[in-house]
$ cat model-v1.txt   # compact mmCIF, C-alpha atoms
# COMPACT_ATOMS: atom_id res chain seq x y z
CA MET Q 5 -14.41 19.56 -9.32
CA ARG Q 6 -15.72 17.32 -12.10
CA THR Q 7 -17.91 14.46 -10.92
CA ALA Q 8 -16.91 10.82 -11.21
CA GLN Q 9 -19.37 10.41 -14.06
CA GLU Q 10 -17.93 13.38 -15.93
CA MET Q 11 -14.45 11.89 -15.58
CA LEU Q 12 -15.58 8.48 -16.80
CA ASP Q 13 -17.37 10.11 -19.72
CA LEU Q 14 -14.11 11.88 -20.66
CA ILE Q 15 -12.04 8.71 -20.34
CA LEU Q 16 -14.47 6.76 -22.52
CA ARG Q 17 -14.88 9.55 -25.08
CA VAL Q 18 -11.12 9.63 -25.66
CA ALA Q 19 -11.11 5.87 -26.13
CA ARG Q 20 -14.11 5.75 -28.45
CA GLU Q 21 -12.67 8.45 -30.70
CA ASP Q 22 -9.31 6.69 -31.05
CA ASP Q 23 -9.38 3.58 -33.23
CA ASN Q 24 -6.04 2.45 -31.83
CA ILE Q 25 -7.61 2.05 -28.36
CA ARG Q 26 -9.58 -1.21 -28.29
CA SER Q 27 -10.51 -1.75 -24.63
CA VAL Q 28 -10.71 0.21 -21.39
CA LEU Q 29 -10.29 -1.30 -17.94
CA MET Q 30 -10.66 0.36 -14.55
CA VAL Q 31 -8.86 -1.09 -11.55
CA GLY Q 32 -8.01 0.19 -8.07
CA SER Q 33 -10.40 1.37 -5.39
CA ARG Q 34 -13.07 2.59 -7.80
CA ALA Q 35 -13.37 -0.95 -9.16
CA ASN Q 36 -13.79 -2.41 -5.67
CA PRO Q 37 -17.31 -2.07 -4.25
CA ASP Q 38 -15.99 -2.72 -0.73
CA CYS Q 39 -13.77 0.38 -0.73
CA ASP Q 40 -14.95 3.60 0.86
CA LYS Q 41 -15.87 6.21 -1.72
CA ASP Q 42 -14.58 9.77 -1.55
CA VAL Q 43 -13.37 12.60 -3.78
CA TYR Q 44 -9.72 11.60 -3.36
CA GLN Q 45 -9.98 8.31 -5.23
CA ASP Q 46 -7.86 8.01 -8.34
CA PHE Q 47 -9.14 6.83 -11.69
CA ASP Q 48 -6.87 3.86 -12.35
CA ILE Q 49 -7.39 3.32 -16.05
CA CYS Q 50 -5.78 1.00 -18.58
CA TYR Q 51 -6.13 1.56 -22.32
CA PHE Q 52 -5.45 -1.62 -24.29
CA VAL Q 53 -4.11 -0.42 -27.63
CA ARG Q 54 -2.90 -1.97 -30.86
CA ARG Q 55 0.49 -0.30 -30.36
CA VAL Q 56 1.95 1.94 -27.70
CA LYS Q 57 4.80 3.42 -29.73
CA PRO Q 58 5.11 6.00 -31.06
CA GLU Q 59 1.66 7.49 -30.52
CA TYR Q 60 1.51 7.41 -26.74
CA TRP Q 61 5.14 7.21 -25.68
CA ASP Q 62 6.07 10.31 -23.68
CA ASN Q 63 3.59 12.32 -25.71
CA MET Q 64 2.34 15.19 -23.55
CA ALA Q 65 0.85 16.91 -26.60
CA TRP Q 66 -1.57 13.99 -26.93
CA ILE Q 67 -2.36 14.06 -23.21
CA GLU Q 68 -3.08 17.78 -23.18
CA GLU Q 69 -5.17 17.59 -26.34
CA LYS Q 70 -7.34 14.77 -25.00
CA PHE Q 71 -7.46 15.35 -21.23
CA GLY Q 72 -6.30 18.92 -20.71
CA ARG Q 73 -3.07 20.11 -19.11
CA PRO Q 74 -2.32 18.42 -15.77
CA SER Q 75 -1.14 20.47 -12.81
CA LEU Q 76 1.33 17.73 -12.01
CA VAL Q 77 2.42 14.67 -13.96
CA GLN Q 78 4.82 11.80 -13.45
CA LYS Q 79 5.97 9.52 -16.26
CA PRO Q 80 7.73 6.54 -14.66
CA GLU Q 81 8.95 5.09 -17.97
CA SER Q 82 10.81 8.32 -18.73
CA MET Q 83 12.58 8.53 -15.37
CA GLU Q 84 16.16 7.49 -14.57
CA LEU Q 85 16.36 7.80 -10.78
CA ILE Q 86 13.57 5.20 -10.35
CA PRO Q 87 14.11 2.60 -13.09
CA PRO Q 88 11.00 1.73 -15.13
CA THR Q 89 9.64 -1.81 -15.38
CA GLY Q 90 10.60 -2.10 -19.04
CA ASP Q 91 7.52 -4.11 -20.02
CA GLY Q 92 6.64 -1.89 -22.98
CA ASP Q 93 3.74 -0.14 -21.26
CA TYR Q 94 3.64 3.62 -20.79
CA VAL Q 95 2.08 5.26 -17.74
CA TYR Q 96 0.98 8.82 -17.06
CA LEU Q 97 0.21 9.71 -13.43
CA MET Q 98 -1.73 12.96 -13.55
CA ILE Q 99 -3.37 15.44 -11.20
CA PHE Q 100 -5.60 18.02 -12.90
CA PRO Q 101 -6.38 21.57 -11.78
CA ASP Q 102 -9.80 20.57 -10.40
CA GLY Q 103 -8.20 17.95 -8.11
CA ASN Q 104 -9.09 14.85 -10.11
CA ARG Q 105 -6.34 12.31 -10.66
CA ILE Q 106 -5.98 9.80 -13.50
CA ASP Q 107 -3.38 7.05 -13.46
CA LEU Q 108 -3.39 6.10 -17.13
CA GLN Q 109 -1.64 2.99 -18.39
CA LEU Q 110 -1.32 2.31 -22.09
CA THR Q 111 -0.42 -1.24 -23.06
CA ASP Q 112 -0.25 -3.48 -26.09
CA ASN Q 113 0.34 -6.51 -23.87
CA PRO Q 114 -2.51 -8.99 -23.32
CA TYR Q 115 -4.61 -8.69 -20.17
CA VAL Q 116 -3.58 -10.94 -17.29
CA ASP Q 117 -6.14 -11.46 -14.54
CA ASP Q 118 -4.16 -11.29 -11.29
CA GLY Q 119 -7.26 -11.22 -9.12
CA GLU Q 120 -7.31 -7.48 -8.53
CA PRO Q 121 -10.84 -6.07 -8.74
CA ALA Q 122 -11.41 -4.68 -12.22
CA VAL Q 123 -14.29 -3.29 -14.25
CA LEU Q 124 -14.38 -3.48 -18.04
CA LEU Q 125 -15.61 -0.11 -19.28
CA LEU Q 126 -15.26 -0.63 -23.04
CA ASP Q 127 -14.62 -3.60 -25.33
CA LYS Q 128 -14.77 -2.59 -28.99
CA ASP Q 129 -13.96 -6.05 -30.34
CA GLY Q 130 -16.04 -8.09 -27.93
CA ASP Q 131 -13.17 -10.45 -27.16
CA PHE Q 132 -11.79 -9.14 -23.87
CA PRO Q 133 -10.95 -12.04 -21.53
CA LYS Q 134 -13.45 -12.80 -18.79
CA ILE Q 135 -12.63 -11.10 -15.51
CA GLU Q 136 -12.98 -13.35 -12.49
CA VAL Q 137 -14.45 -11.50 -9.52
CA LYS Q 138 -12.33 -12.15 -6.44
CA LYS Q 139 -13.70 -10.30 -3.45
CA ASP Q 140 -10.91 -11.63 -1.25
CA PHE Q 141 -8.08 -10.05 -3.26
CA TRP Q 142 -7.39 -7.43 -0.60
CA TYR Q 143 -8.23 -9.61 2.41
CA VAL Q 144 -5.57 -10.21 5.03
CA LYS Q 145 -4.01 -13.60 4.31
CA ARG Q 146 -3.71 -16.14 7.12
CA PRO Q 147 -0.01 -16.66 7.91
CA GLU Q 148 1.60 -20.05 8.33
CA GLU Q 149 3.56 -20.51 11.55
CA PRO Q 150 7.08 -20.03 10.09
CA PRO Q 151 6.30 -16.58 8.62
CA PHE Q 152 4.59 -15.65 11.90
CA ALA Q 153 7.74 -16.58 13.83
CA ASN Q 154 9.90 -14.80 11.23
CA CYS Q 155 7.88 -11.61 11.67
CA CYS Q 156 8.34 -11.74 15.44
CA ASN Q 157 12.07 -12.34 15.13
CA GLU Q 158 12.58 -9.56 12.59
CA PHE Q 159 10.62 -7.11 14.73
CA HIS Q 160 12.52 -7.92 17.91
CA TRP Q 161 15.92 -8.04 16.23
CA CYS Q 162 15.58 -4.69 14.44
CA LEU Q 163 14.67 -2.96 17.70
CA ASN Q 164 18.28 -3.37 18.79
CA ASN Q 165 19.31 -1.12 15.91
CA VAL Q 166 16.75 1.45 17.01
CA ALA Q 167 18.11 1.41 20.55
CA LYS Q 168 21.72 1.87 19.47
CA ALA Q 169 20.85 4.66 17.04
CA ILE Q 170 18.91 6.56 19.69
CA ALA Q 171 21.75 6.14 22.18
CA ARG Q 172 24.22 7.45 19.63
CA GLU Q 173 21.83 10.28 18.67
CA GLU Q 174 21.90 9.16 15.04
CA LEU Q 175 18.60 10.76 14.16
CA GLY Q 176 18.18 9.66 10.56
CA LEU Q 177 19.18 6.05 11.25
CA ALA Q 178 17.01 5.81 14.35
CA MET Q 179 13.97 7.11 12.48
CA GLU Q 180 14.67 4.88 9.47
CA GLN Q 181 14.95 1.74 11.62
CA LEU Q 182 11.92 2.66 13.72
CA ASN Q 183 9.66 3.52 10.80
CA GLN Q 184 10.76 0.97 8.23
CA PRO Q 185 11.79 -2.54 9.32
CA VAL Q 186 10.29 -2.31 12.82
CA ARG Q 187 7.09 -0.60 11.75
CA ASP Q 188 6.70 -2.90 8.74
CA MET Q 189 6.60 -5.91 11.05
CA LEU Q 190 4.27 -4.15 13.49
CA MET Q 191 1.87 -3.32 10.66
CA LEU Q 192 1.98 -6.91 9.45
CA MET Q 193 1.25 -8.30 12.91
CA LEU Q 194 -1.61 -5.85 13.47
CA SER Q 195 -3.01 -6.90 10.09
CA TRP Q 196 -2.90 -10.54 11.18
CA TYR Q 197 -4.54 -9.56 14.47
CA VAL Q 198 -7.44 -7.96 12.61
CA GLY Q 199 -7.59 -10.80 10.10
CA ALA Q 200 -7.70 -13.47 12.80
CA ALA Q 201 -10.46 -11.58 14.61
CA HIS Q 202 -12.54 -11.56 11.40
CA GLU Q 203 -11.75 -15.08 10.11
CA PHE Q 204 -9.48 -13.51 7.47
CA LYS Q 205 -12.42 -12.04 5.60
CA VAL Q 206 -11.43 -8.42 5.95
CA SER Q 207 -9.09 -5.84 4.44
CA VAL Q 208 -7.10 -3.40 6.58
CA GLY Q 209 -6.46 -1.15 3.57
CA LYS Q 210 -3.18 0.24 2.31
CA GLN Q 211 -0.77 0.79 5.21
CA GLY Q 212 -3.52 -0.10 7.67
CA LYS Q 213 -5.75 2.82 6.75
CA TYR Q 214 -8.75 1.00 8.26
CA PHE Q 215 -7.04 0.29 11.60
CA LYS Q 216 -8.96 3.12 13.23
CA ARG Q 217 -12.25 1.30 12.79
CA LEU Q 218 -10.97 -2.29 13.01
CA LEU Q 219 -8.68 -2.22 16.05
CA PRO Q 220 -10.03 -1.97 19.59
CA ARG Q 221 -9.92 1.62 20.78
CA GLU Q 222 -7.12 1.03 23.29
CA MET Q 223 -4.96 -0.71 20.68
CA TYR Q 224 -5.52 2.05 18.16
CA ASP Q 225 -4.56 4.64 20.78
CA SER Q 226 -1.39 2.64 21.41
CA PHE Q 227 -0.74 2.50 17.67
CA ARG Q 228 -0.96 6.29 17.50
CA ARG Q 229 1.62 6.58 20.28
CA THR Q 230 4.12 4.61 18.21
CA TYR Q 231 4.65 7.67 16.01
CA SER Q 232 7.38 9.89 17.39
CA ASP Q 233 8.79 13.31 16.72
CA ALA Q 234 12.56 13.89 16.63
CA GLU Q 235 13.03 14.11 20.42
CA TYR Q 236 15.10 11.13 21.54
CA ALA Q 237 13.08 10.66 24.74
CA HIS Q 238 9.92 10.45 22.65
CA MET Q 239 11.59 7.98 20.32
CA TRP Q 240 12.33 5.73 23.29
CA ASP Q 241 8.68 6.00 24.32
CA ALA Q 242 7.57 5.06 20.80
CA ALA Q 243 9.95 2.09 20.62
CA PHE Q 244 8.72 0.63 23.91
CA GLU Q 245 5.13 1.32 22.88
CA MET Q 246 5.74 -0.64 19.69
CA LEU Q 247 7.21 -3.51 21.71
CA ASP Q 248 4.18 -3.64 24.00
CA LEU Q 249 1.67 -3.38 21.18
CA PHE Q 250 3.42 -5.96 19.03
CA GLY Q 251 3.51 -8.41 21.92
CA GLN Q 252 -0.19 -7.92 22.63
CA ALA Q 253 -1.13 -8.51 19.01
CA ALA Q 254 1.27 -11.42 18.51
CA ARG Q 255 0.05 -13.27 21.60
CA SER Q 256 -3.53 -12.91 20.40
CA VAL Q 257 -2.69 -14.13 16.89
CA ALA Q 258 -0.73 -17.07 18.27
CA ALA Q 259 -3.61 -18.05 20.55
CA ARG Q 260 -6.20 -17.83 17.78
CA LEU Q 261 -4.12 -19.77 15.25
CA GLY Q 262 -2.60 -22.30 17.63
CA TYR Q 263 0.95 -21.03 17.19
CA THR Q 264 3.75 -20.45 19.68
CA TYR Q 265 4.89 -16.95 20.54
CA ASP Q 266 8.47 -16.73 21.77
CA GLN Q 267 8.11 -14.82 25.05
CA ALA Q 268 11.83 -15.18 25.78
CA GLU Q 269 12.67 -13.32 22.58
CA GLU Q 270 10.48 -10.40 23.63
CA ALA Q 271 12.00 -10.40 27.10
CA GLY Q 272 15.50 -10.47 25.63
CA ILE Q 273 15.07 -7.38 23.47
CA ARG Q 274 13.22 -5.55 26.24
CA ALA Q 275 16.14 -6.15 28.61
CA TYR Q 276 18.63 -4.98 26.00
CA MET Q 277 16.65 -1.82 25.23
CA GLU Q 278 16.44 -1.00 28.93
CA GLN Q 279 20.21 -1.52 29.28
CA VAL Q 280 20.93 0.81 26.37
CA LYS Q 281 18.44 3.43 27.51
CA GLY Q 282 19.78 3.33 31.05
CA GLY Q 283 23.40 3.51 29.95
CA SER Q 284 24.33 0.37 31.87
CA LEU Q 285 26.28 -1.30 29.06

$ encode --input "model-v1.txt" --output "C-alpha cells"
Amino acid sequence: MRTAQEMLDLILRVAREDDNIRSVLMVGSRANPDCDKDVYQDFDICYFVRRVKPEYWDNMAWIEEKFGRPSLVQKPESMELIPPTGDGDYVYLMIFPDGNRIDLQLTDNPYVDDGEPAVLLLDKDGDFPKIEVKKDFWYVKRPEEPPFANCCNEFHWCLNNVAKAIAREELGLAMEQLNQPVRDMLMLMLSWYVGAAHEFKVSVGKQGKYFKRLLPREMYDSFRRTYSDAEYAHMWDAAFEMLDLFGQAARSVAARLGYTYDQAEEAGIRAYMEQVKGGSL
C-alpha cells in the first residue's frame, strides 16, 4: 500500500503538471489534527480549476492516465438513481488496487469557508482565500431546550411504530423504524450526553464512532445491546434497551443543562410497548 506521502506526492504532481488546475485543498479527517490516523482514511481532495468542462467531466481516460485505474469508482454527477447536486462540480470517488481511496472534487466555483478543517496544499496564483481554523467544527453543539424536548418526543413517539411492527411481524418496517428514526434520536441524545460531560468541547465522530471511548463502560455496553438480529424477541429486547438508555442519557443532559425531561412521556410509551408485547390490547 502506498504511503500517505506517496499519495500526496501523486496528487500534487498531477496538479502541478496541469495548468488548468490552480489550487489544491485537502479536507476531511486528514485535514483535522484531532482525528485518529489510520490506513483507512480517505484523501478528500479538491482541485480548483479554471474550467471543469469538458476536460474533467466524466473523463475516466484522464483519471486512469493520471492516477491509474481504480478498482472501484463512483461518479455521483453521472448517476440518475441518486440525483446530483447540480452545482457544476464533478466528483470521482475512487478506491485503488492498493487500498488507497481518493475522493476527488473538481470545481470552478470559488472557495467558500464553511468552517470544515482544511489544508491548502498548492496555490499557484498566491490568491487563495485565507482559511480560518475552527477546531470546534466537529464538536457536539449544545442544544437549546426546545430541540432537546423535540428529540425526546420523536424518540418516544416512533417507538410505538416499532412495537406495532414487531407485533405484526413486519420485519423490514420494524428494523427500519428501530434503526432509523428511533436510533437517530438515541444517537443524538448520546452525543449531547457526551458533549455535556465535556463542556461541549468534544467530537463523538461520524455516527458516534468514538462512543466506545467516551461513554461510561456500562452505557456503551447498553448501546451495544440496542443492536438486534432479526429475531422478534431480540428486537423487543433492543427496543426496551434503547428506551432505558435514552432515558438515562436524557435525564443526565437535562440535569446538566437545567432542562426538564418529560418522565410521563417515557412512562406512557413504556406502558404502551408492554401492552403490545404482552398482547393485552

$ closest_residue --input "model-v1.txt" --among "Q:Ala19, Q:Leu163, Q:Ala201, Q:Ile99" --to "Ala259 (chain Q)" --atoms "all atoms listed in the file"
Q:Ala201

$ residues_around --input "model-v1.txt" --residues "region 115-120 of chain Q" --least-positions-apart "6" --cutoff "9 Å" --atoms "all atoms listed in the file" --output "list of chain:residue names"
Q:Val31, Q:Gly32, Q:Ala35, Q:Asn36, Q:Phe52, Q:Phe132, Q:Pro133, Q:Lys134, Q:Ile135, Q:Glu136, Q:Val137, Q:Lys138, Q:Lys139, Q:Asp140, Q:Phe141, Q:Trp142

$ residues_around --input "model-v1.txt" --residues "Arg255 (chain Q)" --least-positions-apart "2" --cutoff "12 Å" --atoms "all atoms listed in the file" --output "list in words"
Phe152, Ala153, Cys156, Met193, Leu194, Trp196, Tyr197, Ala200, Asp248, Leu249, Phe250, Gly251, Gln252, Ala253, Val257, Ala258, Ala259, Arg260, Leu261, Gly262, Tyr263, Thr264, Tyr265, Asp266, Gln267 and Glu270 of chain Q

$ axis_aligned_box --input "model-v1.txt" --around "region 47-61 of chain Q" --padding-each-side "5 Å" --output "JSON"
{"center_x": -2.0, "center_y": 2.8, "center_z": -21.4, "size_x": 24.3, "size_y": 19.5, "size_z": 29.4}

$ residues_around --input "model-v1.txt" --residues "Phe71 (chain Q)" --least-positions-apart "4" --cutoff "9 Å" --atoms "only C-alpha atoms" --output "list of chain:residue names"
Q:Leu14, Q:Ile15, Q:Val18, Q:Trp66, Q:Ile67, Q:Phe100

$ atom_distance --input "model-v1.txt" --atom1 "CA of Arg105 (chain Q)" --atom2 "CA of Arg34 (chain Q)"
12.2 Å

$ residues_around --input "model-v1.txt" --residues "Phe215 (chain Q)" --least-positions-apart "3" --cutoff "10 Å" --atoms "only C-alpha atoms" --output "NGL selection string"
:Q and (191 or 194-195 or 198 or 207-209 or 211-212 or 218-221 or 223-224 or 227)

$ residues_around --input "model-v1.txt" --residues "Lys281 (chain Q)" --least-positions-apart "6" --cutoff "12 Å" --atoms "all atoms listed in the file" --output "list in words"
Asn164, Val166, Ala167, Lys168, Ala169, Ile170, Ala171, Arg172, Glu173, Tyr236, Ala237, Met239, Trp240, Asp241, Ala243, Phe244, Arg274 and Ala275 of chain Q

$ write_last_selection --input "model-v1.txt" --atoms "C-alpha atoms" --output "mmCIF file, in the coordinates of the input"
data_model
loop_
_atom_site.group_PDB
_atom_site.id
_atom_site.type_symbol
_atom_site.label_atom_id
_atom_site.label_comp_id
_atom_site.auth_asym_id
_atom_site.auth_seq_id
_atom_site.Cartn_x
_atom_site.Cartn_y
_atom_site.Cartn_z
ATOM 1 C CA ASN Q 164 18.280 -3.370 18.790
ATOM 2 C CA VAL Q 166 16.750 1.450 17.010
ATOM 3 C CA ALA Q 167 18.110 1.410 20.550
ATOM 4 C CA LYS Q 168 21.720 1.870 19.470
ATOM 5 C CA ALA Q 169 20.850 4.660 17.040
ATOM 6 C CA ILE Q 170 18.910 6.560 19.690
ATOM 7 C CA ALA Q 171 21.750 6.140 22.180
ATOM 8 C CA ARG Q 172 24.220 7.450 19.630
ATOM 9 C CA GLU Q 173 21.830 10.280 18.670
ATOM 10 C CA TYR Q 236 15.100 11.130 21.540
ATOM 11 C CA ALA Q 237 13.080 10.660 24.740
ATOM 12 C CA MET Q 239 11.590 7.980 20.320
ATOM 13 C CA TRP Q 240 12.330 5.730 23.290
ATOM 14 C CA ASP Q 241 8.680 6.000 24.320
ATOM 15 C CA ALA Q 243 9.950 2.090 20.620
ATOM 16 C CA PHE Q 244 8.720 0.630 23.910
ATOM 17 C CA ARG Q 274 13.220 -5.550 26.240
ATOM 18 C CA ALA Q 275 16.140 -6.150 28.610
#

$ atom_distance --input "model-v1.txt" --atom1 "CA of Pro150 (chain Q)" --atom2 "CA of Leu190 (chain Q)"
16.5 Å

$ atom_distance --input "model-v1.txt" --atom1 "CA of Ser75 (chain Q)" --atom2 "CA of Pro37 (chain Q)"
29.0 Å

$ closest_residue --input "model-v1.txt" --among "Q:Asn104, Q:Asn63, Q:Ser27, Q:Asn113" --to "Asp42 (chain Q)" --atoms "all atoms listed in the file"
Q:Asn104

$ closest_residue --input "model-v1.txt" --among "Q:Trp61, Q:Ser33, Q:Glu84, Q:Glu203" --to "Val144 (chain Q)" --atoms "all atoms listed in the file"
Q:Glu203

$ closest_residue --input "model-v1.txt" --among "Q:Tyr60, Q:Trp161, Q:Tyr143, Q:Tyr96" --to "Gly199 (chain Q)" --atoms "only C-alpha atoms"
Q:Tyr143

$ decode --input "model-v1.txt" --residues "region 20-46 of chain Q" --atoms "N, CA and C atoms" --output "PDB file, in the first residue's frame"
ATOM      1  N   ARG Q  20       0.394  19.990 -10.418  1.00  0.00           N
ATOM      2  CA  ARG Q  20       1.470  20.876 -10.899  1.00  0.00           C
ATOM      3  C   ARG Q  20       1.669  20.755 -12.409  1.00  0.00           C
ATOM      4  N   GLU Q  21       1.409  19.571 -12.938  1.00  0.00           N
ATOM      5  CA  GLU Q  21       1.639  19.353 -14.368  1.00  0.00           C
ATOM      6  C   GLU Q  21       0.464  19.803 -15.240  1.00  0.00           C
ATOM      7  N   ASP Q  22      -0.616  20.217 -14.618  1.00  0.00           N
ATOM      8  CA  ASP Q  22      -1.822  20.613 -15.349  1.00  0.00           C
ATOM      9  C   ASP Q  22      -2.062  22.099 -15.113  1.00  0.00           C
ATOM     10  N   ASP Q  23      -1.880  22.905 -16.131  1.00  0.00           N
ATOM     11  CA  ASP Q  23      -2.011  24.356 -15.969  1.00  0.00           C
ATOM     12  C   ASP Q  23      -3.438  24.777 -15.660  1.00  0.00           C
ATOM     13  N   ASN Q  24      -4.402  23.943 -15.989  1.00  0.00           N
ATOM     14  CA  ASN Q  24      -5.794  24.275 -15.708  1.00  0.00           C
ATOM     15  C   ASN Q  24      -6.123  24.169 -14.218  1.00  0.00           C
ATOM     16  N   ILE Q  25      -5.342  23.384 -13.483  1.00  0.00           N
ATOM     17  CA  ILE Q  25      -5.541  23.234 -12.033  1.00  0.00           C
ATOM     18  C   ILE Q  25      -4.724  24.315 -11.334  1.00  0.00           C
ATOM     19  N   ARG Q  26      -5.409  25.166 -10.551  1.00  0.00           N
ATOM     20  CA  ARG Q  26      -4.729  26.321  -9.956  1.00  0.00           C
ATOM     21  C   ARG Q  26      -4.465  26.158  -8.456  1.00  0.00           C
ATOM     22  N   SER Q  27      -5.325  25.415  -7.773  1.00  0.00           N
ATOM     23  CA  SER Q  27      -5.150  25.237  -6.323  1.00  0.00           C
ATOM     24  C   SER Q  27      -5.585  23.831  -5.922  1.00  0.00           C
ATOM     25  N   VAL Q  28      -5.027  23.376  -4.804  1.00  0.00           N
ATOM     26  CA  VAL Q  28      -5.377  22.054  -4.279  1.00  0.00           C
ATOM     27  C   VAL Q  28      -5.675  22.194  -2.790  1.00  0.00           C
ATOM     28  N   LEU Q  29      -6.823  21.684  -2.392  1.00  0.00           N
ATOM     29  CA  LEU Q  29      -7.246  21.749  -0.995  1.00  0.00           C
ATOM     30  C   LEU Q  29      -7.532  20.339  -0.497  1.00  0.00           C
ATOM     31  N   MET Q  30      -7.114  20.057   0.722  1.00  0.00           N
ATOM     32  CA  MET Q  30      -7.442  18.781   1.360  1.00  0.00           C
ATOM     33  C   MET Q  30      -8.354  19.047   2.545  1.00  0.00           C
ATOM     34  N   VAL Q  31      -9.477  18.322   2.587  1.00  0.00           N
ATOM     35  CA  VAL Q  31     -10.412  18.444   3.700  1.00  0.00           C
ATOM     36  C   VAL Q  31     -10.591  17.062   4.321  1.00  0.00           C
ATOM     37  N   GLY Q  32     -11.611  16.908   5.165  1.00  0.00           N
ATOM     38  CA  GLY Q  32     -11.862  15.607   5.776  1.00  0.00           C
ATOM     39  C   GLY Q  32     -10.941  15.316   6.937  1.00  0.00           C
ATOM     40  N   SER Q  33     -10.883  14.037   7.315  1.00  0.00           N
ATOM     41  CA  SER Q  33     -10.160  13.654   8.530  1.00  0.00           C
ATOM     42  C   SER Q  33      -8.665  13.906   8.441  1.00  0.00           C
ATOM     43  N   ARG Q  34      -8.086  13.815   7.244  1.00  0.00           N
ATOM     44  CA  ARG Q  34      -6.650  14.040   7.123  1.00  0.00           C
ATOM     45  C   ARG Q  34      -6.276  15.510   7.315  1.00  0.00           C
ATOM     46  N   ALA Q  35      -7.257  16.387   7.215  1.00  0.00           N
ATOM     47  CA  ALA Q  35      -7.003  17.811   7.449  1.00  0.00           C
ATOM     48  C   ALA Q  35      -7.260  18.201   8.896  1.00  0.00           C
ATOM     49  N   ASN Q  36      -7.760  17.262   9.683  1.00  0.00           N
ATOM     50  CA  ASN Q  36      -8.110  17.552  11.075  1.00  0.00           C
ATOM     51  C   ASN Q  36      -7.103  16.882  12.003  1.00  0.00           C
ATOM     52  N   PRO Q  37      -6.258  17.662  12.681  1.00  0.00           N
ATOM     53  CA  PRO Q  37      -5.238  17.059  13.543  1.00  0.00           C
ATOM     54  C   PRO Q  37      -5.811  16.303  14.734  1.00  0.00           C
ATOM     55  N   ASP Q  38      -7.087  16.528  15.064  1.00  0.00           N
ATOM     56  CA  ASP Q  38      -7.695  15.845  16.201  1.00  0.00           C
ATOM     57  C   ASP Q  38      -8.215  14.457  15.848  1.00  0.00           C
ATOM     58  N   CYS Q  39      -8.272  14.127  14.558  1.00  0.00           N
ATOM     59  CA  CYS Q  39      -8.798  12.824  14.148  1.00  0.00           C
ATOM     60  C   CYS Q  39      -7.732  11.738  14.286  1.00  0.00           C
ATOM     61  N   ASP Q  40      -8.181  10.562  14.674  1.00  0.00           N
ATOM     62  CA  ASP Q  40      -7.268   9.420  14.736  1.00  0.00           C
ATOM     63  C   ASP Q  40      -6.751   9.099  13.336  1.00  0.00           C
ATOM     64  N   LYS Q  41      -5.488   8.754  13.248  1.00  0.00           N
ATOM     65  CA  LYS Q  41      -4.885   8.433  11.964  1.00  0.00           C
ATOM     66  C   LYS Q  41      -4.819   6.921  11.768  1.00  0.00           C
ATOM     67  N   ASP Q  42      -5.222   6.471  10.586  1.00  0.00           N
ATOM     68  CA  ASP Q  42      -5.069   5.060  10.250  1.00  0.00           C
ATOM     69  C   ASP Q  42      -5.032   4.904   8.726  1.00  0.00           C
ATOM     70  N   VAL Q  43      -4.829   3.683   8.270  1.00  0.00           N
ATOM     71  CA  VAL Q  43      -4.656   3.436   6.836  1.00  0.00           C
ATOM     72  C   VAL Q  43      -5.971   3.528   6.062  1.00  0.00           C
ATOM     73  N   TYR Q  44      -7.098   3.627   6.771  1.00  0.00           N
ATOM     74  CA  TYR Q  44      -8.391   3.646   6.096  1.00  0.00           C
ATOM     75  C   TYR Q  44      -8.866   5.054   5.750  1.00  0.00           C
ATOM     76  N   GLN Q  45      -8.122   6.062   6.166  1.00  0.00           N
ATOM     77  CA  GLN Q  45      -8.550   7.428   5.888  1.00  0.00           C
ATOM     78  C   GLN Q  45      -8.520   7.731   4.392  1.00  0.00           C
ATOM     79  N   ASP Q  46      -9.568   8.414   3.940  1.00  0.00           N
ATOM     80  CA  ASP Q  46      -9.627   8.841   2.551  1.00  0.00           C
ATOM     81  C   ASP Q  46      -8.745  10.073   2.349  1.00  0.00           C
TER      82      ASP Q  46
END
